[in-house]
Each structure stands twice: as C-alpha cells, then as structure tokens.
$ cat query_3.cif   # mmCIF, C-alpha atoms and all ligand atoms
data_run
#
loop_
_atom_site.label_atom_id
_atom_site.label_comp_id
_atom_site.auth_asym_id
_atom_site.auth_seq_id
_atom_site.Cartn_x
_atom_site.Cartn_y
_atom_site.Cartn_z
CA MET Z 1 68.32 110.51 113.03
CA LYS Z 2 67.61 106.84 113.74
CA LEU Z 3 69.61 104.49 111.52
CA GLU Z 4 69.68 101.22 113.49
CA ARG Z 5 68.09 98.99 110.88
CA SER Z 6 70.33 100.26 108.05
CA LYS Z 7 73.32 99.67 110.26
CA GLU Z 8 72.20 96.12 111.10
CA LEU Z 9 71.56 95.25 107.45
CA TYR Z 10 74.93 96.63 106.39
CA SER Z 11 76.78 94.61 109.01
CA GLU Z 12 75.25 91.48 107.47
CA ALA Z 13 75.71 92.65 103.87
CA ILE Z 14 79.40 93.28 104.31
CA GLY Z 15 79.95 89.52 104.81
CA LEU Z 16 77.85 88.61 101.80
CA MET Z 17 78.72 91.09 99.08
CA PRO Z 18 81.99 92.91 98.36
CA GLY Z 19 81.80 96.14 100.33
CA GLY Z 20 78.24 95.18 101.21
CA VAL Z 21 76.83 96.52 97.94
CA SER Z 22 75.91 95.64 94.37
CA SER Z 23 77.67 98.66 92.86
CA PRO Z 24 80.57 100.62 94.40
CA VAL Z 25 79.25 104.19 94.70
CA ARG Z 26 76.32 103.00 96.77
CA ALA Z 27 78.66 102.34 99.67
CA PHE Z 28 79.61 105.17 101.99
CA LYS Z 29 80.89 105.44 105.52
CA PRO Z 30 79.99 104.42 108.12
CA HIS Z 31 77.17 102.62 106.31
CA PRO Z 32 74.67 103.24 103.50
CA ILE Z 33 70.99 103.96 104.02
CA TYR Z 34 68.71 101.05 103.12
CA VAL Z 35 65.70 102.31 101.23
CA ALA Z 36 62.37 100.55 101.68
CA LYS Z 37 60.25 102.53 99.25
CA ALA Z 38 60.12 105.68 97.18
CA LYS Z 39 57.47 107.97 95.78
CA GLY Z 40 57.72 111.20 93.84
CA SER Z 41 60.73 113.18 95.06
CA LYS Z 42 61.10 111.12 98.25
CA LEU Z 43 62.99 108.10 99.52
CA TYR Z 44 61.80 106.28 102.66
CA ASP Z 45 64.35 104.18 104.50
CA VAL Z 46 63.99 101.09 106.66
CA ASP Z 47 64.23 103.18 109.84
CA GLY Z 48 61.29 105.37 108.86
CA ASN Z 49 63.30 108.41 107.70
CA GLU Z 50 62.17 110.45 104.73
CA PHE Z 51 64.56 112.12 102.30
CA ILE Z 52 64.18 114.44 99.32
CA ASP Z 53 66.15 112.54 96.70
CA TYR Z 54 68.62 114.18 94.29
CA CYS Z 55 70.38 110.97 93.34
CA MET Z 56 67.35 109.70 91.42
CA ALA Z 57 68.99 106.33 90.86
CA PHE Z 58 72.09 108.11 89.52
CA GLY Z 59 70.05 109.83 86.88
CA ALA Z 60 67.94 106.90 85.69
CA LEU Z 61 64.77 108.72 86.77
CA ILE Z 62 63.56 112.09 85.57
CA LEU Z 63 59.86 111.77 86.36
CA GLY Z 64 60.59 110.99 90.01
CA HIS Z 65 59.88 107.73 91.79
CA ALA Z 66 56.93 105.46 91.08
CA ASN Z 67 55.27 107.65 88.49
CA GLU Z 68 51.58 106.66 88.42
CA GLU Z 69 51.15 106.52 84.65
CA LEU Z 70 54.26 104.41 84.24
CA LYS Z 71 53.19 102.10 87.04
CA LYS Z 72 49.81 101.53 85.44
CA GLU Z 73 51.29 100.73 82.05
CA ILE Z 74 53.74 98.27 83.55
CA LYS Z 75 51.12 96.54 85.68
CA ASN Z 76 48.91 96.07 82.65
CA LYS Z 77 51.80 94.76 80.61
CA LEU Z 78 52.65 92.14 83.22
CA GLU Z 79 49.28 90.54 82.49
CA GLU Z 80 50.55 89.77 78.99
CA GLY Z 81 53.81 88.16 80.06
CA TRP Z 82 57.10 89.98 80.20
CA ILE Z 83 59.67 88.33 77.96
CA TYR Z 84 59.18 86.33 74.79
CA GLY Z 85 62.52 85.95 73.06
CA THR Z 86 60.94 87.36 69.91
CA PRO Z 87 60.73 90.83 68.42
CA ILE Z 88 57.86 92.96 69.71
CA GLU Z 89 55.82 95.78 68.20
CA LEU Z 90 57.06 98.29 70.76
CA GLU Z 91 60.66 97.89 69.56
CA VAL Z 92 59.63 99.41 66.26
CA GLU Z 93 57.65 102.19 67.91
CA TYR Z 94 60.37 103.06 70.39
CA ALA Z 95 63.11 102.97 67.76
CA LYS Z 96 61.09 105.48 65.69
CA LEU Z 97 60.56 107.70 68.72
CA ILE Z 98 64.27 107.74 69.51
CA ARG Z 99 65.18 108.50 65.93
CA LYS Z 100 62.73 111.40 65.95
CA HIS Z 101 64.63 113.03 68.81
CA PHE Z 102 68.11 111.94 67.74
CA PRO Z 103 68.25 112.36 63.97
CA SER Z 104 71.86 111.10 64.00
CA ILE Z 105 70.57 107.71 65.16
CA GLU Z 106 69.40 106.24 61.89
CA MET Z 107 69.56 102.68 63.21
CA LEU Z 108 69.94 101.35 66.70
CA ARG Z 109 70.11 98.29 68.89
CA PHE Z 110 68.56 97.83 72.30
CA VAL Z 111 70.77 96.23 74.94
CA ASN Z 112 70.55 95.90 78.71
CA THR Z 113 72.93 98.38 80.29
CA GLY Z 114 74.87 101.46 79.45
CA SER Z 115 78.12 99.53 79.79
CA GLU Z 116 76.97 97.07 77.17
CA ALA Z 117 75.99 99.95 74.89
CA THR Z 118 79.41 101.65 75.02
CA MET Z 119 81.21 98.33 74.70
CA SER Z 120 79.21 97.49 71.59
CA ALA Z 121 79.48 100.98 70.10
CA LEU Z 122 83.27 100.77 70.37
CA ARG Z 123 83.24 97.35 68.76
CA VAL Z 124 81.21 98.47 65.78
CA ALA Z 125 83.36 101.62 65.47
CA ARG Z 126 86.44 99.42 65.22
CA GLY Z 127 84.68 97.04 62.86
CA PHE Z 128 83.63 99.88 60.59
CA THR Z 129 86.95 101.72 60.44
CA GLY Z 130 89.25 98.72 60.63
CA LYS Z 131 91.29 100.69 63.16
CA GLU Z 132 92.16 99.53 66.65
CA LYS Z 133 92.66 102.51 68.93
CA ILE Z 134 90.11 104.60 70.73
CA VAL Z 135 90.43 107.95 72.44
CA LYS Z 136 88.56 108.71 75.61
CA ILE Z 137 88.51 111.80 77.76
CA GLU Z 138 90.41 111.70 81.03
CA GLY Z 139 88.05 110.97 83.88
CA SER Z 140 85.05 110.20 81.71
CA PHE Z 141 82.99 107.16 82.60
CA HIS Z 142 81.53 104.75 80.09
CA GLY Z 143 80.74 101.75 82.26
CA SER Z 144 82.80 98.96 83.70
CA HIS Z 145 84.29 97.05 80.79
CA GLU Z 146 87.98 96.70 80.02
CA ALA Z 147 88.56 99.18 77.21
CA VAL Z 148 87.28 102.15 79.19
CA LEU Z 149 88.72 101.33 82.62
CA VAL Z 150 91.80 103.37 82.11
CA LYS Z 151 93.52 105.67 84.51
CA ALA Z 152 93.68 109.35 83.77
CA GLY Z 153 97.20 110.08 82.64
CA SER Z 154 99.17 113.01 83.94
CA GLY Z 155 100.17 114.43 80.58
CA ALA Z 156 97.88 115.72 77.88
CA THR Z 157 97.70 112.24 76.42
CA THR Z 158 99.01 108.93 77.55
CA PHE Z 159 98.96 105.30 76.66
CA GLY Z 160 96.42 103.38 78.64
CA VAL Z 161 97.30 101.96 82.01
CA PRO Z 162 94.50 99.92 83.58
CA ASN Z 163 93.06 101.39 86.76
CA SER Z 164 91.44 98.18 87.82
CA ALA Z 165 93.19 94.99 88.83
CA GLY Z 166 92.24 92.17 86.52
CA VAL Z 167 92.49 94.24 83.36
CA PRO Z 168 95.40 93.04 81.24
CA ARG Z 169 97.64 95.83 79.90
CA ASP Z 170 97.09 94.47 76.43
CA PHE Z 171 93.37 95.11 76.69
CA VAL Z 172 93.83 98.83 77.22
CA LYS Z 173 96.97 99.58 75.29
CA ASN Z 174 94.71 100.80 72.51
CA THR Z 175 92.87 103.25 74.74
CA LEU Z 176 94.36 106.75 74.54
CA GLN Z 177 93.30 109.74 76.54
CA VAL Z 178 93.02 113.48 76.21
CA ARG Z 179 91.82 116.18 78.52
CA TYR Z 180 88.32 117.53 78.34
CA ASN Z 181 87.94 121.08 77.03
CA ASP Z 182 91.31 120.74 75.31
CA VAL Z 183 90.92 120.95 71.56
CA GLU Z 184 94.62 121.32 70.88
CA SER Z 185 95.78 118.02 72.34
CA LEU Z 186 92.99 116.09 70.65
CA SER Z 187 93.89 117.62 67.34
CA GLN Z 188 97.58 116.85 67.81
CA LEU Z 189 96.86 113.27 68.80
CA LEU Z 190 94.58 112.56 65.85
CA GLU Z 191 96.99 114.10 63.39
CA LYS Z 192 99.83 112.01 64.70
CA ASP Z 193 98.11 108.67 65.25
CA LYS Z 194 96.31 107.29 62.23
CA ASP Z 195 95.07 104.14 63.94
CA VAL Z 196 92.24 105.76 65.93
CA ALA Z 197 88.78 104.34 65.23
CA ALA Z 198 86.77 106.64 67.47
CA VAL Z 199 86.68 109.31 70.11
CA ILE Z 200 84.21 108.44 72.86
CA MET Z 201 83.06 111.13 75.26
CA GLU Z 202 80.39 112.29 77.63
CA PRO Z 203 79.46 115.57 75.94
CA VAL Z 204 78.86 117.01 79.40
CA MET Z 205 81.02 115.24 81.96
CA ALA Z 206 78.79 113.93 84.72
CA ASN Z 207 80.89 111.27 86.41
CA ALA Z 208 83.77 113.41 87.66
CA SER Z 209 81.59 115.98 89.36
CA LEU Z 210 79.82 118.11 86.74
CA ILE Z 211 82.06 119.58 84.04
CA ILE Z 212 80.45 121.71 81.38
CA PRO Z 213 81.94 122.09 77.91
CA GLU Z 214 83.40 125.45 77.04
CA LYS Z 215 81.86 127.37 74.19
CA GLU Z 216 82.49 125.72 70.82
CA TYR Z 217 84.40 122.80 72.37
CA LEU Z 218 82.03 120.11 71.13
CA LYS Z 219 81.77 121.72 67.70
CA GLU Z 220 85.55 121.75 67.50
CA VAL Z 221 85.72 118.09 68.52
CA ARG Z 222 83.24 117.30 65.77
CA LYS Z 223 85.31 119.18 63.24
CA ILE Z 224 88.62 117.57 64.23
CA THR Z 225 87.24 114.05 64.26
CA LYS Z 226 85.68 114.51 60.85
CA GLU Z 227 88.87 115.96 59.36
CA ASN Z 228 90.83 112.99 60.64
CA ASP Z 229 88.31 110.36 59.59
CA VAL Z 230 87.68 109.34 63.17
CA LEU Z 231 84.20 108.43 64.41
CA LEU Z 232 82.70 110.52 67.19
CA ILE Z 233 80.77 108.61 69.84
CA PHE Z 234 78.66 110.64 72.22
CA ASP Z 235 77.90 108.74 75.39
CA GLU Z 236 74.54 110.35 76.16
CA ILE Z 237 73.57 107.84 78.82
CA ILE Z 238 73.07 110.74 81.23
CA THR Z 239 72.48 113.65 78.86
CA GLY Z 240 69.99 111.88 76.56
CA PHE Z 241 66.42 113.05 77.29
CA ARG Z 242 67.83 115.30 80.00
CA LEU Z 243 69.86 118.14 78.49
CA ALA Z 244 67.21 118.32 75.80
CA MET Z 245 64.94 115.65 74.33
CA GLY Z 246 67.64 115.12 71.73
CA GLY Z 247 70.38 115.21 74.36
CA ALA Z 248 73.60 117.16 74.00
CA GLN Z 249 73.35 116.82 70.23
CA GLU Z 250 70.22 118.95 70.19
CA PHE Z 251 71.40 121.23 73.02
CA TYR Z 252 74.73 122.07 71.37
CA GLY Z 253 73.81 121.49 67.74
CA VAL Z 254 76.43 118.80 67.15
CA LYS Z 255 75.86 115.43 65.47
CA ALA Z 256 77.68 112.30 66.58
CA ASP Z 257 78.38 109.29 64.36
CA LEU Z 258 77.36 106.90 67.12
CA THR Z 259 75.38 107.57 70.29
CA THR Z 260 74.79 105.57 73.43
CA LEU Z 261 71.71 105.99 75.58
CA GLY Z 262 70.59 104.39 78.83
CA LYS Z 263 69.32 105.51 82.23
CA ILE Z 264 66.23 107.70 81.45
CA ALA Z 265 65.76 105.75 78.21
CA GLY Z 266 64.68 102.74 80.31
CA GLY Z 267 62.34 104.71 82.58
CA GLY Z 268 64.04 103.18 85.63
CA PHE Z 269 64.39 99.65 84.23
CA PRO Z 270 67.67 98.26 82.85
CA ILE Z 271 68.45 99.42 79.34
CA GLY Z 272 71.20 100.48 77.01
CA ILE Z 273 70.90 101.66 73.43
CA TYR Z 274 73.55 102.21 70.80
CA GLY Z 275 72.93 103.59 67.37
CA GLY Z 276 74.04 105.97 64.71
CA ARG Z 277 74.75 106.21 61.01
CA ARG Z 278 73.10 103.49 58.98
CA GLU Z 279 76.24 102.38 57.16
CA ILE Z 280 77.93 101.79 60.52
CA MET Z 281 75.04 100.11 62.31
CA GLU Z 282 74.36 97.80 59.37
CA LEU Z 283 77.59 96.05 60.29
CA VAL Z 284 76.01 94.69 63.46
CA SER Z 285 74.98 91.04 63.39
CA PRO Z 286 72.85 89.56 61.84
CA SER Z 287 72.99 92.11 59.03
CA GLY Z 288 76.77 92.42 59.33
CA ASN Z 289 79.78 90.74 60.86
CA VAL Z 290 80.20 92.67 64.12
CA TYR Z 291 78.79 90.27 66.66
CA GLN Z 292 76.64 91.40 69.56
CA ALA Z 293 73.72 89.60 71.20
CA GLY Z 294 71.72 89.38 74.44
CA THR Z 295 68.96 87.22 75.93
CA PHE Z 296 67.37 90.18 77.68
CA SER Z 297 68.04 92.76 74.96
CA GLY Z 298 64.96 94.73 74.02
CA ASN Z 299 63.32 93.66 77.26
CA PRO Z 300 59.60 94.41 76.92
CA ILE Z 301 59.27 95.99 80.36
CA SER Z 302 62.31 98.23 79.89
CA LEU Z 303 61.10 99.25 76.46
CA LEU Z 304 57.64 100.04 77.76
CA ALA Z 305 58.97 102.04 80.71
CA GLY Z 306 61.37 103.95 78.46
CA TYR Z 307 58.81 104.57 75.75
CA THR Z 308 56.16 105.74 78.21
CA THR Z 309 58.67 108.01 79.92
CA VAL Z 310 59.71 109.65 76.66
CA LYS Z 311 56.04 110.14 75.73
CA ILE Z 312 55.39 111.87 79.06
CA LEU Z 313 58.50 114.02 78.60
CA GLU Z 314 57.18 115.13 75.20
CA ARG Z 315 53.62 115.74 76.34
CA GLU Z 316 54.44 117.70 79.50
CA ARG Z 317 57.64 119.48 78.49
CA VAL Z 318 59.33 117.86 81.44
CA VAL Z 319 62.89 118.58 80.36
CA GLU Z 320 62.34 122.35 80.33
CA LYS Z 321 60.27 122.50 83.49
CA THR Z 322 62.69 120.36 85.43
CA ALA Z 323 65.64 122.42 84.24
CA LYS Z 324 63.89 125.52 85.52
CA LYS Z 325 63.60 124.02 88.99
CA ALA Z 326 67.29 123.17 89.08
CA GLU Z 327 68.08 126.69 87.96
CA GLU Z 328 65.92 128.13 90.74
CA LEU Z 329 67.64 125.98 93.30
CA CYS Z 330 71.10 127.12 92.26
CA LYS Z 331 69.98 130.76 92.11
CA ALA Z 332 68.66 130.52 95.66
CA LEU Z 333 72.11 129.60 96.99
CA LYS Z 334 74.48 132.17 98.37
CA ASP Z 335 77.47 133.29 96.32
CA ASN Z 336 79.98 131.44 98.44
CA VAL Z 337 78.34 128.07 97.61
CA LYS Z 338 80.05 126.79 94.47
CA CYS Z 339 77.32 125.44 92.23
CA ALA Z 340 77.03 124.68 88.53
CA GLN Z 341 73.85 123.71 86.80
CA ILE Z 342 72.88 122.69 83.32
CA ALA Z 343 69.34 121.56 82.53
CA SER Z 344 68.18 119.35 85.43
CA MET Z 345 71.74 118.49 86.51
CA PHE Z 346 73.63 120.36 89.17
CA CYS Z 347 76.63 119.94 91.40
CA ILE Z 348 77.81 121.53 94.62
CA TYR Z 349 81.60 121.73 94.67
CA PHE Z 350 84.02 121.86 97.53
CA GLY Z 351 86.67 123.78 95.65
CA GLU Z 352 86.85 125.60 92.34
CA ILE Z 353 84.47 124.56 89.57
CA PRO Z 354 86.63 122.31 87.38
CA ARG Z 355 87.11 122.45 83.64
CA ASP Z 356 88.68 119.01 83.35
CA TYR Z 357 89.44 115.90 85.37
CA SER Z 358 92.80 117.06 86.69
CA GLU Z 359 91.00 119.97 88.32
CA ALA Z 360 88.10 117.84 89.52
CA VAL Z 361 90.38 115.52 91.49
CA LYS Z 362 91.47 118.52 93.57
CA LEU Z 363 87.98 118.93 95.01
CA ASN Z 364 87.71 118.26 98.73
CA LYS Z 365 86.07 114.86 99.05
CA GLU Z 366 86.14 114.85 102.86
CA ALA Z 367 84.33 118.18 103.09
CA PHE Z 368 81.79 116.87 100.60
CA MET Z 369 81.09 113.78 102.73
CA ARG Z 370 80.58 115.92 105.83
CA PHE Z 371 78.17 117.95 103.73
CA PHE Z 372 76.44 114.79 102.51
CA TRP Z 373 75.76 113.66 106.11
CA LYS Z 374 74.60 117.12 107.19
CA LEU Z 375 72.10 117.07 104.35
CA LEU Z 376 70.91 113.61 105.35
CA GLU Z 377 70.25 114.89 108.84
CA ARG Z 378 68.16 117.62 107.22
CA GLY Z 379 66.15 115.09 105.21
CA ILE Z 380 67.98 115.43 101.91
CA TYR Z 381 69.67 112.62 99.98
CA PHE Z 382 72.46 113.61 97.59
CA PRO Z 383 74.45 111.08 95.57
CA PRO Z 384 77.12 109.99 98.05
CA SER Z 385 80.20 111.34 96.25
CA GLN Z 386 81.67 114.67 95.18
CA PHE Z 387 82.17 113.06 91.78
CA GLU Z 388 78.52 112.35 91.17
CA VAL Z 389 75.97 114.80 89.86
CA CYS Z 390 72.65 115.78 91.45
CA PHE Z 391 69.46 115.33 89.49
CA MET Z 392 66.32 117.38 89.80
CA SER Z 393 63.17 115.47 88.87
CA TYR Z 394 59.75 116.44 87.59
CA ALA Z 395 58.34 115.34 90.94
CA HIS Z 396 60.30 117.81 93.09
CA SER Z 397 58.00 120.48 94.52
CA LYS Z 398 58.65 124.15 95.14
CA GLU Z 399 58.75 123.33 98.87
CA ASP Z 400 61.35 120.62 98.23
CA VAL Z 401 63.50 123.11 96.37
CA GLU Z 402 63.18 125.81 99.04
CA LYS Z 403 63.93 123.40 101.85
CA THR Z 404 66.93 122.08 99.94
CA ALA Z 405 68.34 125.52 99.23
CA SER Z 406 68.33 126.52 102.88
CA ALA Z 407 69.77 123.16 103.95
CA ILE Z 408 72.61 123.53 101.43
CA ILE Z 409 73.41 127.06 102.58
CA GLU Z 410 73.56 125.94 106.23
CA ALA Z 411 75.49 122.75 105.64
CA TYR Z 412 78.00 124.09 103.11
CA ASP Z 413 79.83 126.49 105.40
CA GLN Z 414 79.73 124.09 108.32
CA SER Z 415 81.24 121.31 106.17
CA TRP Z 416 84.11 123.54 105.08
CA ASN Z 417 84.82 124.77 108.55
CA GLU Z 418 84.91 121.48 110.42
CA ARG Z 419 88.08 119.48 109.94
C1 LIG Z 501 75.82 105.19 84.01
C2 LIG Z 501 76.69 105.44 82.86
C3 LIG Z 501 77.18 104.38 82.08
C4 LIG Z 501 76.98 102.94 82.44
O1 LIG Z 501 75.64 102.56 82.39
P1 LIG Z 501 75.21 101.22 83.20
O2 LIG Z 501 73.77 101.06 82.84
O3 LIG Z 501 75.47 101.52 84.64
O4 LIG Z 501 76.06 100.12 82.69
C5 LIG Z 501 77.92 104.69 80.95
N1 LIG Z 501 78.17 105.96 80.61
C6 LIG Z 501 77.73 107.00 81.34
C7 LIG Z 501 78.01 108.40 80.89
C8 LIG Z 501 76.99 106.77 82.50
O5 LIG Z 501 76.61 107.79 83.26
#

$ encode --input "query_3.cif" --output "structure tokens" --more "lines below"
Ligand SMILES: *Cc1c(COP(=O)(O)O)cnc(C)c1O
Amino acid sequence: MKLERSKELYSEAIGLMPGGVSSPVRAFKPHPIYVAKAKGSKLYDVDGNEFIDYCMAFGALILGHANEELKKEIKNKLEEGWIYGTPIELEVEYAKLIRKHFPSIEMLRFVNTGSEATMSALRVARGFTGKEKIVKIEGSFHGSHEAVLVKAGSGATTFGVPNSAGVPRDFVKNTLQVRYNDVESLSQLLEKDKDVAAVIMEPVMANASLIIPEKEYLKEVRKITKENDVLLIFDEIITGFRLAMGGAQEFYGVKADLTTLGKIAGGGFPIGIYGGRREIMELVSPSGNVYQAGTFSGNPISLLAGYTTVKILERERVVEKTAKKAEELCKALKDNVKCAQIASMFCIYFGEIPRDYSEAVKLNKEAFMRFFWKLLERGIYFPPSQFEVCFMSYAHSKEDVEKTASAIIEAYDQSWNER
C-alpha cells in the first residue's frame, strides 16, 4: 500500500498541530491516513487508496458519505446565505421532528457540538435541582469539558480526580462515578449522597469499546434515580437516530429527564442538542436564569443537514435496514472472532467482551492496532482504536459486507498470533 503523501503531510502537521491532528483519536502510529474525498461507503486517500469506511466520522454519518439528496439540499440552501443570527423556520420544524421521535424532549436547544450539549444539560440539571454533584459512569465519554474529564476510579465509586492536566481538582470534586451495569452501587451512592443533581450516562457505552446494557439495567437506573429525586440524563449523541429513531429511550422503553443529541442529528455538520422536560428546559435563558448562548447555535446548514437526514431515515427505514447489515456482518464471522453488535454499531474485541470499563481496559490494544493495519492493507478503514465503535452505514453494499467479513476473519487470528 502506497502511503507516501500521507506520511509527508503528517511530518509537516506534527510541527503545526499538537500530535499533528485536530482531535486526538485521529492520530495513530506511524501516521494517520489523509483522506481526500469520500462517497457512499468509501474513503479515498491522498495516495489514491480506497477504503470501505466503518468509522463514518465516529458515528456522525449513517447515510454514508456525500449522500446525494443531502448534498442537493445544502447546495440550494447556500444560495440563500448560510447564517443570519436570527431564528429560522427550520428550527421550529426540526424541533417538532425531534420531539416526535423523543417524546421525553418536550423542549430543546440547538448548540454546536455534543460537548456543549452535555455541558449545558449538566448546568440546567444543577440549576433545576439546586444540587451540585453529578454522577457519571466509569469510562463513559461526554465530550471534553471539565466536569466530565474524570478518571475511572478503582472502587465502585470514587471522588473525581481529573484525568487531564489543566483541570483543577475543584472543578471535578463534584463528579462522582459508578460502574456501568452495576445497579447496586448506584443505588447505594444515591441513597447516601443527597447532593446529586443528575446521573449522566451513555445508555449503550460506545466510547470504551462497545458495552451493551444488561437486561433491565436501564429500567433499574430510571427507577433508582426517580426514587432519589435525581435527574437522569441520557447522552444519546451516538445512540440517537441509530439504536432506533427515538434512540435508546425507544429501544429500551426508558424515558430520560434530559437528553443530549449530536452526531447523526447534524447530518455530518457540527451540532449538539439538549432537551427534556419542559419545567427543566424553561430555566434556560432567556426564559429562565440558567445562562447558555452561542453565535453559531442553530446553524442553518447543520439544521438542514440534520433535518434532511432524519426525514430520509424515516422515509427509507434506514435504522432497521442498516442494523440488519451489521447483524449479517457479525454473523458471517467465525466463532473465535469476538464481536458484539447492536443496531448499526459493532465492535471487534481483542479479549473478552466487557460488561464495564474495568473489563474494557483489559482488552489488548496492541493486537487491535495490528488488526487495524491489516484491515487497512485489505482496503478497510476501522476507527483507529479498540475503544471506538464501528458503524455500518446505509451506503454499505452486500459486497462491502462480504469483503469485510473475510478480511476480519483473516486479520483477526494473525493479529493475535503476532507479537
Ligand atoms: C462524540 C460524543 C460526544 C461529544 O460530541 P462532540 O460533538 O465531539 O463534542 C459526547 N458524548 C458522546 C456519547 C459522544 O459519542
């Protein structure tokens, strides 16, 4: 595989940007692949290689790259200007469409990124309850702001210790943690500590490999939070419009008090959304006293791309069809290949399939990276980390899936065996 141009670009980038990249997980050794264009299920790099893509912009795309209908809508919209600093009609339409699929979201606000959405959701949760602490799940990811950049503790729960330099201890001392799939420790914590405003969680963990909730876990979490007067925030930035149209809440039949959306909800353009019960969301400025604002919030292009995507998902039953493809892929693998799949998400594990973060960290990252490169050589692009999840898209063909299955089978054993 020829990679000269990517290598050249990276050697320049490394002197210009920290680690040569704009976001950490894009960097991998010895150098990342520079993509020049993408269409459907494929990425095309600057050296002329073609890859079947399962990263799909870390889950921001479900229709595949450069969807024609979306492209046409956006091109037309550009003729009308692209940002006005005023409300637009589509905000109303898109808000209604989201509420239709997420009945728990009675009111919402559009922001620019997922990180901004979780940051704001936590703020309004604290504003509403008048309590200061939050509980997150060990190893869950909610973006890169202070309150959620907390190391996974070794015990069942622990006081927050920042896992990033530059985060003052005081900023995270109110962030507590519990293990995923562990009802008991959450219940104990909430009964003991009466200063918890909210529990924030990814209903399906998708940033520490793929970790699927055990039966009744989410329902139990809902019950415990309610009993203890603690708000439940579902971070559905990955699961929204992917697990089901109504995200994990529809899939598992559980209602959150607040929900964050992003990724697919922007159709590949930057977006974040937070929303939930009316009495909570009414506290957000200007109707209430929880301040939150943004120049680019409700960006017309992001709204249009998100709205159009959701309309296509509805019309073509994309969520179901794409899930089926991911299921077929995992079924086609041999028994020794450790694979879990839920809807259009799947993960290949080097080690036992984890049920929480402490198990996920035991996965063999080195074997995974050997696997990643072996797949690249076979024309397949996976997200470059054992702790990321693979995404099937609507654009993947039967041939893509077949080719991928045989490449995985070949590369998996080889990656384990080489040291
Ligand atoms: C990607 C992601 C975020 C952060 O979204 P950004 O748009 O990258 O800020 C937050 N939570 C979850 C679950 C995510 O997967």

$ residues_around --input "query_3.cif" --residues "Val35 of chain Z" --least-positions-apart "5" --cutoff "7 Å" --atoms "only C-alpha atoms" --output "VMD selection string"
chain Z and resid 43 to 46

$ residues_around --input "query_3.cif" --residues "Thr308 of chain Z" --least-positions-apart "6" --cutoff "8 Å" --atoms "all atoms listed in the file" --output "PyMOL selection string"
chain Z and resi 70+73+267

$ atom_distance --input "query_3.cif" --atom1 "atom CA of Thr86 of chain Z" --atom2 "atom CA of Gln292 of chain Z"
16.2 Å

$ residues_near_ligand --input "query_3.cif" --ligand "ligand LIG 501 (chain Z)" --cutoff "8 Å" --atoms "all atoms listed in the file" --output "ChimeraX atom specification"
/Z:58-59,112-118,140-144,202,205-207,235-239,260,262-263,270-272

$ residues_around --input "query_3.cif" --residues "segment 386-389 of chain Z" --least-positions-apart "4" --cutoff "10 Å" --atoms "all atoms listed in the file" --output "number ranges by chain"
Z: 25, 54-55, 58-59, 205-211, 238, 341, 345-350, 360-361, 363-369, 371-372, 382

$ axis_aligned_box --input "query_3.cif" --around "segment 366-370 of chain Z" --padding-each-side "6 Å" --output "AutoDock Vina command-line options"
--center_x 83.4 --center_y 116.0 --center_z 103.2 --size_x 17.6 --size_y 16.4 --size_z 17.2

$ residues_around --input "query_3.cif" --residues "Arg317 of chain Z" --least-positions-apart "4" --cutoff "12 Å" --atoms "all atoms listed in the file" --output "PDB file with C-alpha atoms, in the frame of the given file"
ATOM      1  CA  ILE Z  62      63.560 112.090  85.570  1.00  0.00           C
ATOM      2  CA  LEU Z  63      59.860 111.770  86.360  1.00  0.00           C
ATOM      3  CA  PHE Z 241      66.420 113.050  77.290  1.00  0.00           C
ATOM      4  CA  ARG Z 242      67.830 115.300  80.000  1.00  0.00           C
ATOM      5  CA  ALA Z 244      67.210 118.320  75.800  1.00  0.00           C
ATOM      6  CA  MET Z 245      64.940 115.650  74.330  1.00  0.00           C
ATOM      7  CA  THR Z 309      58.670 108.010  79.920  1.00  0.00           C
ATOM      8  CA  VAL Z 310      59.710 109.650  76.660  1.00  0.00           C
ATOM      9  CA  LYS Z 311      56.040 110.140  75.730  1.00  0.00           C
ATOM     10  CA  ILE Z 312      55.390 111.870  79.060  1.00  0.00           C
ATOM     11  CA  LEU Z 313      58.500 114.020  78.600  1.00  0.00           C
ATOM     12  CA  LYS Z 321      60.270 122.500  83.490  1.00  0.00           C
ATOM     13  CA  THR Z 322      62.690 120.360  85.430  1.00  0.00           C
ATOM     14  CA  ALA Z 323      65.640 122.420  84.240  1.00  0.00           C
ATOM     15  CA  LYS Z 324      63.890 125.520  85.520  1.00  0.00           C
ATOM     16  CA  TYR Z 394      59.750 116.440  87.590  1.00  0.00           C
TER      17      TYR Z 394
END

$ closest_residue --input "query_3.cif" --among "Z:Ala332, Z:Ile88, Z:Leu190, Z:Ala305" --to "Glu68 of chain Z" --atoms "all atoms listed in the file"
Z:Ala305
